[in-house]
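Chemist: Input: one structure, supplied below.
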Amino acid sequence: MNADNPTQRHGAVRLIGRTSTFLLAAGLIALLAFGLTARATDTTIDDALAQDQAAAAPGFTLDILTRGTPPPELAATFARAADDDDRIDLRELRGTPVVLNYGASWCIPCREEAPLLQRAWTQNATDGVLFLGLNMQDARSDARNFLRAFKQTFPHVRDPTNDTARRWGASGIPETFFIRRDGAIVGHVIGVVTAQQLQRGIADAKAGRVQDPARGGQFRPTR
């Protein structure tokens, strides 16, 4: 190409511009596709509940954040599951109805929900229903400070990532799952659970009844 030829020079500039625009657009499309794939929510649990079927609970084994102060019968169950290694395998809680609540100290809606959870725990623990908090994507010290601030006395486990939440199809927090004695999920509330939703879920977990997934109040997307 003749560098002194204005027509050729302008053509080259236009070609470079079109190529750059194409590459930028392709990169953005690829990034968007990756983001959608990475954020895709597994709906297996909610799909089963919507069809009036209990859902198999994805297993987890997680470090204990706090043991809390459960009543004697639940304390014994929790201690057996912990096996003196400060970890809980969800399968080892079978035989006990469980209310599993996902939360974190950085989650503002979780602050709204915390007092309600504590009241329900106090009211239902003596009926053999175990509340289990699952703190996620949080610093251990921040998580413990949150529990102290809101005086939560039920046990908590910790996942520093969002891996467990993704397997459970949780796209945000807080989210609450109700698990019957055989370890199957019978209810799910997305967002801040109401007192009515919580009591109904507890009753369903005890009786083994399946309910459609429900939407509660506000929630925060996982990080």
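Residue names in the structure tokens use chain letters A, B, ... in the order shown, residue numbers from 1 in each chain, and ligand numbers from 1 in the order shown.
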For region 120-131 of chain A, find every residue with an atom within 10 Å (counting only C-alpha atoms), except residues of its own chain fewer than 4 positions away, and show them as a PyMOL selection string.

Modeler: chain A and resi 70-75+77-78+93+95-101+115-116+152-156+178-181+195+198-199+202-203+205-206

Chemist: Please, could you write that set of residues out with N, CA and C atoms as a tab-separated table (two decimals), in the first residue's frame?

Modeler:
```tsv
chain	number	residue	atom	x	y	z
A	70	PRO	N	-29.26	-25.40	71.35
A	70	PRO	CA	-30.51	-26.15	71.16
A	70	PRO	C	-30.91	-26.88	72.43
A	71	PRO	N	-32.20	-27.22	72.57
A	71	PRO	CA	-32.64	-27.99	73.74
A	71	PRO	C	-31.97	-29.37	73.73
A	72	PRO	N	-32.01	-30.07	74.85
A	72	PRO	CA	-31.23	-31.31	74.99
A	72	PRO	C	-31.44	-32.32	73.88
A	73	GLU	N	-32.71	-32.57	73.48
A	73	GLU	CA	-32.94	-33.62	72.48
A	73	GLU	C	-32.34	-33.25	71.12
A	74	LEU	N	-32.41	-31.97	70.75
A	74	LEU	CA	-31.82	-31.54	69.50
A	74	LEU	C	-30.31	-31.37	69.63
A	75	ALA	N	-29.84	-31.00	70.80
A	75	ALA	CA	-28.39	-30.88	71.02
A	75	ALA	C	-27.72	-32.24	70.82
A	77	THR	N	-28.82	-34.70	68.91
A	77	THR	CA	-28.85	-34.99	67.47
A	77	THR	C	-27.74	-34.24	66.75
A	78	PHE	N	-27.59	-32.98	67.09
A	78	PHE	CA	-26.57	-32.15	66.43
A	78	PHE	C	-25.17	-32.64	66.78
A	93	LEU	N	-28.60	-35.66	59.77
A	93	LEU	CA	-29.70	-35.04	60.50
A	93	LEU	C	-31.03	-35.70	60.19
A	95	GLY	N	-34.22	-37.96	60.26
A	95	GLY	CA	-34.97	-38.34	61.45
A	95	GLY	C	-35.47	-37.12	62.19
A	96	THR	N	-34.97	-35.94	61.81
A	96	THR	CA	-35.35	-34.67	62.44
A	96	THR	C	-35.81	-33.68	61.37
A	97	PRO	N	-37.00	-33.07	61.52
A	97	PRO	CA	-37.39	-32.01	60.59
A	97	PRO	C	-36.41	-30.84	60.71
A	98	VAL	N	-36.05	-30.25	59.57
A	98	VAL	CA	-35.05	-29.18	59.56
A	98	VAL	C	-35.57	-27.97	58.80
A	99	VAL	N	-35.33	-26.80	59.36
A	99	VAL	CA	-35.54	-25.53	58.67
A	99	VAL	C	-34.16	-25.00	58.32
A	100	LEU	N	-33.84	-25.00	57.03
A	100	LEU	CA	-32.51	-24.58	56.57
A	100	LEU	C	-32.62	-23.18	55.99
A	101	ASN	N	-31.89	-22.24	56.58
A	101	ASN	CA	-31.98	-20.84	56.17
A	101	ASN	C	-30.63	-20.34	55.68
A	115	PRO	N	-34.77	-11.52	63.53
A	115	PRO	CA	-35.58	-11.64	64.76
A	115	PRO	C	-36.73	-12.63	64.61
A	116	LEU	N	-37.33	-12.68	63.42
A	116	LEU	CA	-38.43	-13.62	63.19
A	116	LEU	C	-37.94	-15.06	63.29
A	152	GLN	N	-29.01	-14.88	67.77
A	152	GLN	CA	-29.50	-16.12	67.18
A	152	GLN	C	-28.84	-17.31	67.86
A	153	THR	N	-29.66	-18.19	68.41
A	153	THR	CA	-29.14	-19.28	69.22
A	153	THR	C	-29.31	-20.65	68.56
A	154	PHE	N	-29.74	-20.68	67.30
A	154	PHE	CA	-29.79	-21.98	66.63
A	154	PHE	C	-28.46	-22.23	65.92
A	155	PRO	N	-28.12	-23.49	65.64
A	155	PRO	CA	-26.81	-23.81	65.05
A	155	PRO	C	-26.66	-23.23	63.64
A	156	HIS	N	-25.43	-22.95	63.28
A	156	HIS	CA	-25.10	-22.45	61.94
A	156	HIS	C	-23.88	-23.18	61.39
A	178	PHE	N	-37.55	-26.15	53.78
A	178	PHE	CA	-38.16	-26.97	54.83
A	178	PHE	C	-37.97	-28.44	54.46
A	179	ILE	N	-37.37	-29.19	55.38
A	179	ILE	CA	-36.93	-30.56	55.11
A	179	ILE	C	-37.62	-31.50	56.09
A	180	ARG	N	-38.26	-32.52	55.56
A	180	ARG	CA	-38.96	-33.46	56.44
A	180	ARG	C	-37.98	-34.51	57.00
A	181	ARG	N	-38.49	-35.40	57.82
A	181	ARG	CA	-37.64	-36.32	58.57
A	181	ARG	C	-36.77	-37.23	57.70
A	195	ALA	N	-43.98	-14.67	58.95
A	195	ALA	CA	-44.30	-15.53	60.09
A	195	ALA	C	-45.23	-16.66	59.66
A	198	LEU	N	-43.37	-19.23	57.59
A	198	LEU	CA	-42.47	-20.00	58.45
A	198	LEU	C	-43.23	-21.06	59.24
A	199	GLN	N	-44.34	-20.68	59.84
A	199	GLN	CA	-45.12	-21.64	60.63
A	199	GLN	C	-45.71	-22.73	59.75
A	202	ILE	N	-42.87	-25.11	58.81
A	202	ILE	CA	-42.52	-25.97	59.94
A	202	ILE	C	-43.54	-27.10	60.08
A	203	ALA	N	-44.82	-26.75	59.99
A	203	ALA	CA	-45.87	-27.77	60.08
A	203	ALA	C	-45.76	-28.79	58.95
A	205	ALA	N	-42.99	-29.60	57.30
A	205	ALA	CA	-41.80	-30.43	57.53
A	205	ALA	C	-42.09	-31.52	58.56
A	206	LYS	N	-42.87	-31.19	59.58
A	206	LYS	CA	-43.21	-32.18	60.60
A	206	LYS	C	-44.18	-33.23	60.06
```

Chemist: Mind checking DSSP for region 54-198 of chain A and telling me the strand (DSSP E or B) residues as a PyMOL selection string?

Modeler: chain A and resi 55-56+61-66+87-89+98-103+130-136+156-159+172-173+175-179+184-190

Chemist: Could you save the residues just selected, with N, CA and C atoms, as a short mmCIF file (atom, residue, chain, number, x, y, z; two decimals), in the first residue's frame?

Modeler:
```cif
data_model
loop_
_atom_site.label_atom_id
_atom_site.label_comp_id
_atom_site.auth_asym_id
_atom_site.auth_seq_id
_atom_site.Cartn_x
_atom_site.Cartn_y
_atom_site.Cartn_z
N ALA A 55 -38.60 -33.05 47.02
CA ALA A 55 -37.35 -33.01 46.24
C ALA A 55 -36.20 -33.55 47.07
N ALA A 56 -35.34 -34.30 46.43
CA ALA A 56 -34.15 -34.79 47.12
C ALA A 56 -33.26 -33.61 47.49
N THR A 61 -21.47 -31.19 53.33
CA THR A 61 -20.72 -31.34 54.58
C THR A 61 -19.96 -30.05 54.79
N LEU A 62 -20.35 -29.31 55.83
CA LEU A 62 -19.82 -27.96 56.02
C LEU A 62 -19.31 -27.77 57.45
N ASP A 63 -18.38 -26.85 57.60
CA ASP A 63 -17.85 -26.50 58.92
C ASP A 63 -18.92 -25.85 59.77
N ILE A 64 -18.90 -26.16 61.05
CA ILE A 64 -19.81 -25.52 61.99
C ILE A 64 -19.31 -24.11 62.28
N LEU A 65 -20.20 -23.15 62.16
CA LEU A 65 -19.88 -21.77 62.51
C LEU A 65 -20.15 -21.55 64.00
N THR A 66 -21.34 -21.91 64.44
CA THR A 66 -21.67 -21.89 65.87
C THR A 66 -22.60 -23.08 66.16
N ARG A 87 -17.86 -30.45 61.85
CA ARG A 87 -18.48 -30.42 60.53
C ARG A 87 -19.83 -31.12 60.60
N ILE A 88 -20.76 -30.67 59.74
CA ILE A 88 -22.08 -31.28 59.70
C ILE A 88 -22.33 -31.84 58.30
N ASP A 89 -22.70 -33.11 58.26
CA ASP A 89 -23.17 -33.75 57.04
C ASP A 89 -24.70 -33.74 57.13
N VAL A 98 -36.05 -30.25 59.57
CA VAL A 98 -35.05 -29.18 59.56
C VAL A 98 -35.57 -27.97 58.80
N VAL A 99 -35.33 -26.80 59.36
CA VAL A 99 -35.54 -25.53 58.67
C VAL A 99 -34.16 -25.00 58.32
N LEU A 100 -33.84 -25.00 57.03
CA LEU A 100 -32.51 -24.58 56.57
C LEU A 100 -32.62 -23.18 55.99
N ASN A 101 -31.89 -22.24 56.58
CA ASN A 101 -31.98 -20.84 56.17
C ASN A 101 -30.63 -20.34 55.68
N TYR A 102 -30.60 -19.86 54.44
CA TYR A 102 -29.39 -19.26 53.87
C TYR A 102 -29.34 -17.77 54.21
N GLY A 103 -28.18 -17.30 54.67
CA GLY A 103 -28.05 -15.88 55.00
C GLY A 103 -26.58 -15.46 55.05
N LEU A 130 -35.38 -28.74 64.10
CA LEU A 130 -34.05 -28.13 64.15
C LEU A 130 -33.94 -27.01 63.13
N PHE A 131 -33.60 -25.83 63.58
CA PHE A 131 -33.25 -24.73 62.69
C PHE A 131 -31.75 -24.81 62.43
N LEU A 132 -31.36 -24.66 61.17
CA LEU A 132 -29.95 -24.68 60.82
C LEU A 132 -29.67 -23.51 59.87
N GLY A 133 -28.86 -22.57 60.32
CA GLY A 133 -28.46 -21.46 59.46
C GLY A 133 -27.29 -21.86 58.60
N LEU A 134 -27.30 -21.42 57.36
CA LEU A 134 -26.17 -21.66 56.46
C LEU A 134 -25.63 -20.31 56.03
N ASN A 135 -24.55 -19.91 56.67
CA ASN A 135 -23.92 -18.64 56.34
C ASN A 135 -23.03 -18.83 55.12
N MET A 136 -23.14 -17.92 54.15
CA MET A 136 -22.41 -18.10 52.90
C MET A 136 -21.72 -16.82 52.45
N HIS A 156 -25.43 -22.95 63.28
CA HIS A 156 -25.10 -22.45 61.94
C HIS A 156 -23.88 -23.18 61.39
N VAL A 157 -23.93 -23.41 60.09
CA VAL A 157 -22.76 -23.91 59.36
C VAL A 157 -22.32 -22.83 58.39
N ARG A 158 -21.17 -23.05 57.76
CA ARG A 158 -20.60 -21.99 56.93
C ARG A 158 -20.05 -22.53 55.62
N ASP A 159 -20.43 -21.86 54.52
CA ASP A 159 -19.83 -22.10 53.22
C ASP A 159 -19.24 -20.77 52.76
N GLY A 172 -30.36 -16.19 45.58
CA GLY A 172 -30.19 -15.01 46.42
C GLY A 172 -30.36 -15.40 47.88
N ILE A 173 -30.25 -14.41 48.76
CA ILE A 173 -30.49 -14.65 50.18
C ILE A 173 -31.30 -13.48 50.74
N GLU A 175 -32.97 -17.26 51.77
CA GLU A 175 -33.86 -18.30 51.25
C GLU A 175 -33.98 -19.37 52.32
N THR A 176 -35.18 -19.97 52.41
CA THR A 176 -35.45 -20.94 53.46
C THR A 176 -36.02 -22.21 52.85
N PHE A 177 -35.46 -23.35 53.25
CA PHE A 177 -35.94 -24.65 52.80
C PHE A 177 -36.46 -25.43 54.00
N PHE A 178 -37.55 -26.15 53.78
CA PHE A 178 -38.16 -26.97 54.83
C PHE A 178 -37.97 -28.44 54.46
N ILE A 179 -37.37 -29.19 55.38
CA ILE A 179 -36.93 -30.56 55.11
C ILE A 179 -37.62 -31.50 56.09
N ALA A 184 -36.03 -35.21 52.67
CA ALA A 184 -36.55 -34.63 51.43
C ALA A 184 -37.08 -33.21 51.68
N ILE A 185 -36.93 -32.36 50.69
CA ILE A 185 -37.40 -30.97 50.78
C ILE A 185 -38.88 -30.91 50.45
N VAL A 186 -39.66 -30.24 51.32
CA VAL A 186 -41.10 -30.14 51.09
C VAL A 186 -41.56 -28.70 50.91
N GLY A 187 -40.67 -27.73 51.08
CA GLY A 187 -41.06 -26.33 50.91
C GLY A 187 -39.85 -25.44 50.71
N HIS A 188 -40.08 -24.29 50.09
CA HIS A 188 -39.00 -23.35 49.77
C HIS A 188 -39.59 -21.95 49.69
N VAL A 189 -39.01 -21.02 50.42
CA VAL A 189 -39.41 -19.62 50.36
C VAL A 189 -38.22 -18.79 49.93
N ILE A 190 -38.42 -18.00 48.88
CA ILE A 190 -37.37 -17.13 48.33
C ILE A 190 -37.58 -15.73 48.88
#
```

Chemist: Which of these, A:Asp182, A:Glu112, A:Asp204, A:Asp163, has the shortest distance to Gly217 (chain A) once you count only C-alpha atoms?

Modeler: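 Closest candidate: A:Glu112.
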
Chemist: Go ahead and compute the interatomic distance for CA of Asp212 (chain A) and CA of Leu49 (chain A), in Å to one decimal.

Modeler: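 Going from CA of Asp212 (chain A) over to CA of Leu49 (chain A) covers 5.2 Å.
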
Chemist: What's the 10 Å shell around Thr44 (chain A), counting only C-alpha atoms, without same-chain residues fewer than 2 positions away, as a list in words?

Modeler: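 Result of the neighbour search: Thr41, Asp42, Asp46, Asp47, Ala48, Leu49, Ala55, Ala56, Arg167, Trp168 and Gly169 of chain A.
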
Chemist: Running DSSP on the backbone, which parts of region 9-216 of chain A land in alpha helix (DSSP H), as a PyMOL selection string?

Modeler: chain A and resi 9-39+44-50+72-82+108-124+140-149+163-168+195-207

Chemist: Based on the selection just made, write C-alpha atoms of those residues as a compact mmCIF listing (two decimals), in the first residue's frame.

Modeler:
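The resulting file, out_38.txt, is reproduced below:
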```txt
# COMPACT_ATOMS: atom_id res chain seq x y z
CA ARG A 9 -5.05 5.12 3.93
CA HIS A 10 -8.71 5.92 4.66
CA GLY A 11 -9.74 2.42 3.59
CA ALA A 12 -7.27 0.85 5.97
CA VAL A 13 -8.52 3.02 8.82
CA ARG A 14 -12.11 1.99 8.10
CA LEU A 15 -11.14 -1.69 8.01
CA ILE A 16 -9.32 -1.43 11.32
CA GLY A 17 -12.32 0.37 12.82
CA ARG A 18 -14.78 -2.28 11.61
CA THR A 19 -12.54 -5.08 12.84
CA SER A 20 -12.19 -3.50 16.28
CA THR A 21 -15.94 -2.98 16.53
CA PHE A 22 -16.59 -6.59 15.56
CA LEU A 23 -14.09 -7.94 18.08
CA LEU A 24 -15.51 -5.74 20.84
CA ALA A 25 -19.06 -6.86 20.07
CA ALA A 26 -18.01 -10.50 19.96
CA GLY A 27 -16.24 -10.13 23.29
CA LEU A 28 -19.28 -8.55 24.92
CA ILE A 29 -21.56 -11.29 23.60
CA ALA A 30 -19.20 -13.96 24.90
CA LEU A 31 -19.00 -12.26 28.29
CA LEU A 32 -22.78 -12.00 28.49
CA ALA A 33 -23.19 -15.65 27.55
CA PHE A 34 -20.69 -16.65 30.23
CA GLY A 35 -22.47 -14.51 32.80
CA LEU A 36 -25.84 -16.03 31.99
CA THR A 37 -24.41 -19.52 32.19
CA ALA A 38 -22.58 -18.82 35.45
CA ARG A 39 -25.69 -17.31 37.04
CA THR A 44 -34.82 -28.91 40.06
CA ILE A 45 -36.12 -28.44 43.61
CA ASP A 46 -38.76 -25.85 42.75
CA ASP A 47 -39.92 -27.85 39.71
CA ALA A 48 -40.52 -30.90 41.90
CA LEU A 49 -42.37 -28.89 44.56
CA ALA A 50 -44.57 -27.26 41.90
CA PRO A 72 -31.23 -31.31 74.99
CA GLU A 73 -32.94 -33.62 72.48
CA LEU A 74 -31.82 -31.54 69.50
CA ALA A 75 -28.39 -30.88 71.02
CA ALA A 76 -27.81 -34.64 71.12
CA THR A 77 -28.85 -34.99 67.47
CA PHE A 78 -26.57 -32.15 66.43
CA ALA A 79 -23.65 -33.49 68.47
CA ARG A 80 -23.96 -36.93 66.86
CA ALA A 81 -23.98 -35.34 63.40
CA ALA A 82 -20.93 -33.23 64.22
CA ILE A 108 -29.61 -6.31 54.48
CA PRO A 109 -32.89 -8.27 54.12
CA CYS A 110 -31.38 -10.94 56.39
CA ARG A 111 -31.34 -8.35 59.16
CA GLU A 112 -35.10 -7.93 58.78
CA GLU A 113 -35.62 -11.68 58.93
CA ALA A 114 -33.26 -12.49 61.81
CA PRO A 115 -35.58 -11.64 64.76
CA LEU A 116 -38.43 -13.62 63.19
CA LEU A 117 -36.24 -16.69 62.80
CA GLN A 118 -35.07 -16.48 66.38
CA ARG A 119 -38.64 -16.19 67.71
CA ALA A 120 -39.78 -19.17 65.64
CA TRP A 121 -36.77 -21.20 66.78
CA THR A 122 -37.55 -20.46 70.41
CA GLN A 123 -41.17 -21.47 69.91
CA ASN A 124 -40.56 -24.67 67.92
CA ARG A 140 -16.15 -15.89 59.74
CA SER A 141 -15.75 -12.96 62.16
CA ASP A 142 -18.46 -10.91 60.42
CA ALA A 143 -20.82 -13.88 60.46
CA ARG A 144 -20.33 -14.48 64.18
CA ASN A 145 -20.75 -10.80 64.98
CA PHE A 146 -24.05 -10.86 63.06
CA LEU A 147 -25.30 -13.85 65.07
CA ARG A 148 -24.35 -12.18 68.34
CA ALA A 149 -25.98 -8.89 67.35
CA ASP A 163 -21.27 -23.57 45.80
CA THR A 164 -23.84 -25.10 48.14
CA ALA A 165 -26.40 -22.43 47.29
CA ARG A 166 -25.99 -23.09 43.57
CA ARG A 167 -26.57 -26.83 44.04
CA TRP A 168 -29.75 -26.02 45.94
CA ALA A 195 -44.30 -15.53 60.09
CA GLN A 196 -47.15 -17.33 58.32
CA GLN A 197 -44.85 -18.92 55.74
CA LEU A 198 -42.47 -20.00 58.45
CA GLN A 199 -45.12 -21.64 60.63
CA ARG A 200 -46.69 -23.36 57.63
CA GLY A 201 -43.31 -24.64 56.48
CA ILE A 202 -42.52 -25.97 59.94
CA ALA A 203 -45.87 -27.77 60.08
CA ASP A 204 -45.30 -29.23 56.61
CA ALA A 205 -41.80 -30.43 57.53
CA LYS A 206 -43.21 -32.18 60.60
CA ALA A 207 -46.14 -33.71 58.70
```
